[in-house]
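J.: I'm passing along start-v5.cif; it holds mmCIF, C-alpha atoms (C1' of nucleotides).
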```
data_my_file
#
loop_
_atom_site.group_PDB
_atom_site.id
_atom_site.type_symbol
_atom_site.label_atom_id
_atom_site.label_comp_id
_atom_site.auth_asym_id
_atom_site.auth_seq_id
_atom_site.Cartn_x
_atom_site.Cartn_y
_atom_site.Cartn_z
ATOM 1 C CA MET A 1 -61.608 -77.008 -27.238
ATOM 2 C CA LYS A 2 -62.470 -75.169 -30.424
ATOM 3 C CA PHE A 3 -60.130 -72.615 -31.903
ATOM 4 C CA SER A 4 -62.641 -69.813 -31.478
ATOM 5 C CA GLU A 5 -63.053 -70.563 -27.775
ATOM 6 C CA LYS A 6 -59.326 -70.348 -27.277
ATOM 7 C CA VAL A 7 -59.418 -66.973 -28.964
ATOM 8 C CA TYR A 8 -62.139 -65.722 -26.618
ATOM 9 C CA LYS A 9 -60.280 -67.033 -23.622
ATOM 10 C CA ILE A 10 -57.064 -65.231 -24.481
ATOM 11 C CA THR A 11 -58.871 -62.054 -25.531
ATOM 12 C CA LYS A 12 -60.467 -61.794 -22.112
ATOM 13 C CA LYS A 13 -57.019 -61.145 -20.650
ATOM 14 C CA ILE A 14 -56.720 -57.764 -22.314
ATOM 15 C CA PRO A 15 -57.387 -55.154 -19.599
ATOM 16 C CA ARG A 16 -59.346 -51.916 -19.857
ATOM 17 C CA GLY A 17 -57.442 -49.087 -21.438
ATOM 18 C CA ARG A 18 -55.049 -51.393 -23.281
ATOM 19 C CA VAL A 19 -55.142 -52.963 -26.736
ATOM 20 C CA SER A 20 -53.638 -55.985 -28.427
ATOM 21 C CA THR A 21 -53.500 -57.297 -31.967
ATOM 22 C CA TYR A 22 -54.842 -60.229 -33.943
ATOM 23 C CA GLY A 23 -51.336 -61.409 -34.590
ATOM 24 C CA GLU A 24 -50.446 -61.205 -30.928
ATOM 25 C CA ILE A 25 -53.408 -63.365 -29.994
ATOM 26 C CA ALA A 26 -52.419 -65.915 -32.600
ATOM 27 C CA HIS A 27 -48.877 -65.846 -31.249
ATOM 28 C CA ALA A 28 -50.111 -66.447 -27.712
ATOM 29 C CA LEU A 29 -52.004 -69.460 -29.031
ATOM 30 C CA ASN A 30 -48.850 -70.711 -30.694
ATOM 31 C CA THR A 31 -50.248 -70.476 -34.206
ATOM 32 C CA LYS A 32 -50.003 -68.200 -37.220
ATOM 33 C CA ALA A 33 -53.712 -68.098 -37.870
ATOM 34 C CA TYR A 34 -54.143 -64.399 -37.157
ATOM 35 C CA ARG A 35 -56.635 -64.178 -39.917
ATOM 36 C CA ALA A 36 -58.751 -66.890 -38.379
ATOM 37 C CA VAL A 37 -58.522 -64.970 -35.105
ATOM 38 C CA GLY A 38 -60.284 -62.087 -36.794
ATOM 39 C CA SER A 39 -62.958 -64.401 -38.125
ATOM 40 C CA ALA A 40 -63.526 -65.816 -34.664
ATOM 41 C CA LEU A 41 -63.814 -62.393 -33.039
ATOM 42 C CA ASN A 42 -66.180 -61.332 -35.763
ATOM 43 C CA LYS A 43 -68.646 -63.947 -34.550
ATOM 44 C CA ASN A 44 -67.862 -63.357 -30.891
ATOM 45 C CA PRO A 45 -70.986 -64.554 -29.024
ATOM 46 C CA TYR A 46 -69.822 -63.211 -25.651
ATOM 47 C CA ALA A 47 -70.075 -59.654 -26.884
ATOM 48 C CA PRO A 48 -69.383 -57.444 -23.836
ATOM 49 C CA ILE A 49 -67.636 -60.065 -21.729
ATOM 50 C CA VAL A 50 -64.949 -60.727 -24.291
ATOM 51 C CA PRO A 51 -63.449 -57.293 -25.110
ATOM 52 C CA CYS A 52 -63.031 -57.811 -28.818
ATOM 53 C CA HIS A 53 -62.991 -54.030 -29.343
ATOM 54 C CA ARG A 54 -59.527 -53.959 -27.751
ATOM 55 C CA VAL A 55 -58.066 -55.954 -30.623
ATOM 56 C CA VAL A 56 -56.570 -53.902 -33.455
ATOM 57 C CA ASN A 57 -54.194 -54.262 -36.404
ATOM 58 C CA SER A 58 -50.466 -54.775 -36.004
ATOM 59 C CA ASP A 59 -49.692 -51.265 -37.272
ATOM 60 C CA GLY A 60 -52.064 -49.599 -34.805
ATOM 61 C CA LYS A 61 -54.923 -49.137 -37.221
ATOM 62 C CA ILE A 62 -58.371 -49.841 -35.834
ATOM 63 C CA GLY A 63 -59.327 -52.814 -37.956
ATOM 64 C CA GLY A 64 -62.861 -54.088 -38.269
ATOM 65 C CA PHE A 65 -65.786 -54.491 -35.930
ATOM 66 C CA ALA A 66 -69.066 -56.336 -36.250
ATOM 67 C CA ASP A 67 -71.087 -53.298 -35.133
ATOM 68 C CA GLY A 68 -69.034 -50.902 -37.259
ATOM 69 C CA THR A 69 -65.558 -49.484 -36.694
ATOM 70 C CA ASN A 70 -67.049 -46.230 -35.502
ATOM 71 C CA LYS A 71 -68.553 -48.000 -32.527
ATOM 72 C CA LYS A 72 -65.267 -49.696 -31.827
ATOM 73 C CA ILE A 73 -63.536 -46.324 -31.666
ATOM 74 C CA LYS A 74 -66.165 -44.976 -29.306
ATOM 75 C CA MET A 75 -65.760 -47.880 -26.919
ATOM 76 C CA LEU A 76 -61.997 -47.469 -26.940
ATOM 77 C CA GLU A 77 -62.186 -43.758 -26.240
ATOM 78 C CA LYS A 78 -64.478 -44.497 -23.317
ATOM 79 C CA GLU A 79 -61.596 -46.473 -21.855
ATOM 80 C CA GLY A 80 -59.210 -43.590 -22.315
ATOM 81 C CA ILE A 81 -57.640 -44.738 -25.548
ATOM 82 C CA LYS A 82 -57.291 -41.977 -28.092
ATOM 83 C CA VAL A 83 -57.845 -42.625 -31.758
ATOM 84 C CA LYS A 84 -56.706 -40.327 -34.536
ATOM 85 C CA ASN A 85 -57.065 -40.896 -38.258
ATOM 86 C CA ASN A 86 -58.229 -44.440 -37.637
ATOM 87 C CA ARG A 87 -55.084 -45.127 -35.633
ATOM 88 C CA ILE A 88 -54.361 -45.745 -31.960
ATOM 89 C CA VAL A 89 -52.440 -42.840 -30.428
ATOM 90 C CA ASN A 90 -49.322 -44.031 -28.564
ATOM 91 C CA PHE A 91 -49.916 -47.506 -29.828
ATOM 92 C CA ASP A 92 -46.622 -48.781 -28.429
ATOM 93 C CA LYS A 93 -47.616 -47.734 -24.914
ATOM 94 C CA LYS A 94 -51.150 -49.068 -25.097
ATOM 95 C CA PHE A 95 -50.086 -52.362 -26.578
ATOM 96 C CA PHE A 96 -50.703 -55.336 -24.314
ATOM 97 C CA ARG A 97 -48.273 -58.180 -24.914
ATOM 98 C CA LEU A 98 -50.189 -61.340 -24.129
ATOM 99 C CA ASN A 99 -47.145 -63.575 -24.147
ATOM 100 C CA LEU A 100 -44.967 -61.537 -21.777
ATOM 101 C CA ILE A 101 -45.078 -61.074 -18.021
ATOM 102 C CA PHE A 102 -44.113 -57.414 -18.125
ATOM 103 C CA ASN A 103 -47.590 -56.086 -18.625
ATOM 104 C CA TYR A 104 -48.019 -55.017 -15.006
ATOM 105 C CA ILE A 105 -45.085 -52.612 -15.129
ATOM 106 C CA ILE A 106 -46.662 -49.967 -17.318
ATOM 107 C "C1'" DC B 1 -63.339 -83.113 -50.334
ATOM 108 C "C1'" DT B 2 -62.732 -78.618 -52.753
ATOM 109 C "C1'" DA B 3 -63.285 -73.787 -52.979
ATOM 110 C "C1'" DA B 4 -64.356 -69.390 -51.251
ATOM 111 C "C1'" DT B 5 -64.127 -66.163 -47.542
ATOM 112 C "C1'" DG B 6 -62.476 -62.734 -44.173
ATOM 113 C "C1'" DA B 7 -62.555 -57.760 -37.792
ATOM 114 C "C1'" DC B 8 -54.982 -59.834 -40.806
ATOM 115 C "C1'" DA B 9 -49.680 -59.222 -41.665
ATOM 116 C "C1'" DT B 10 -45.660 -58.299 -44.619
ATOM 117 C "C1'" DT B 11 -43.476 -57.009 -48.526
ATOM 118 C "C1'" DT B 12 -43.157 -54.258 -52.568
ATOM 119 C "C1'" DG B 13 -43.785 -50.304 -55.862
ATOM 120 C "C1'" DA C 1 -46.728 -42.631 -46.282
ATOM 121 C "C1'" DC C 2 -50.090 -45.208 -49.059
ATOM 122 C "C1'" DA C 3 -51.917 -48.947 -52.098
ATOM 123 C "C1'" DA C 4 -51.587 -53.278 -54.145
ATOM 124 C "C1'" DA C 5 -50.110 -57.851 -54.160
ATOM 125 C "C1'" DT C 6 -49.168 -62.071 -51.729
ATOM 126 C "C1'" DG C 7 -49.449 -65.325 -48.172
ATOM 127 C "C1'" DC C 8 -52.046 -67.049 -44.441
ATOM 128 C "C1'" DC C 9 -55.401 -70.624 -41.787
ATOM 129 C "C1'" DA C 10 -59.826 -71.777 -39.494
ATOM 130 C "C1'" DT C 11 -64.578 -71.729 -41.088
ATOM 131 C "C1'" DT C 12 -68.252 -72.352 -43.960
ATOM 132 C "C1'" DA C 13 -70.781 -73.518 -48.170
#
```
With the file now loaded, output its structure as structure tokens.

T.:
Amino acid sequence: MKFSEKVYKITKKIPRGRVSTYGEIAHALNTKAYRAVGSALNKNPYAPIVPCHRVVNSDGKIGGFADGTNKKIKMLEKEGIKVKNNRIVNFDKKFFRLNLIFNYII
DNA sequence: CTAATGACATTTG
DNA sequence: ACAAATGCCATTA
């Protein structure tokens, strides 16, 4: 299985209204290639199915998007995620930890 | 094979 | 808090 396909597979687990990070995805894949994760999502062929817009930077900043960061923000706000000054509001509460089992609590 | 390239992350000034 | 520098690794040329 190619690296990019693993990225898509893990990204699909991020639910509506939550976000995760490139580094977190890499961590879930047991690698440090967070930068390559970004490259993979950039070319994401399963555009709407794989929610690549729910992946942001480790500090809560929006990060990039193939269709433009503005579009990414719009999609996130449609899911109830607020964005201010290019940052996720309440990032710690919206953050989806892919490697933990505690996601269902919040 | 080598080198360049990012939708990044951390550290430093 | 922000910007620059550094390190990073799969992909691509």

J.: Could you spell out the hits of the PyMOL selection byres ((chain A) within 7 of (chain B)) on the shown file, as a list in words?

T.: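 This file, filtered by the PyMOL selection byres ((chain A) within 7 of (chain B)), leaves Tyr22, Tyr34, Arg35, Gly38, Ser39, Leu41, Asn42, Gly63, Gly64, Phe65 and Ala66 of chain A.
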
J.: Specify as JSON, numbers by chain each residue included when the PyMOL selection byres ((chain C) within 12 of (chain A)) is applied to this file.

T.: {"C": [7, 8, 9, 10, 11, 12]}

J.: Between CA of Val50 in chain A and C1' of DA13 in chain C, what distance in Å does the model show, to one decimal?

T.: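 Going from CA of Val50 in chain A over to C1' of DA13 in chain C, I get 27.7 Å.
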
J.: One decimal, Å: what's the distance from CA of Lys78 in chain A over to CA of Lys61 in chain A, could you say?

T.: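 Separation of CA of Lys78 in chain A and CA of Lys61 in chain A: 17.5 Å.
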
J.: Mind giving me the straight-line distance from CA of Glu5 in chain A to CA of Asn44 in chain A in Å, one decimal?

T.: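 Separation of CA of Glu5 in chain A and CA of Asn44 in chain A: 9.2 Å.
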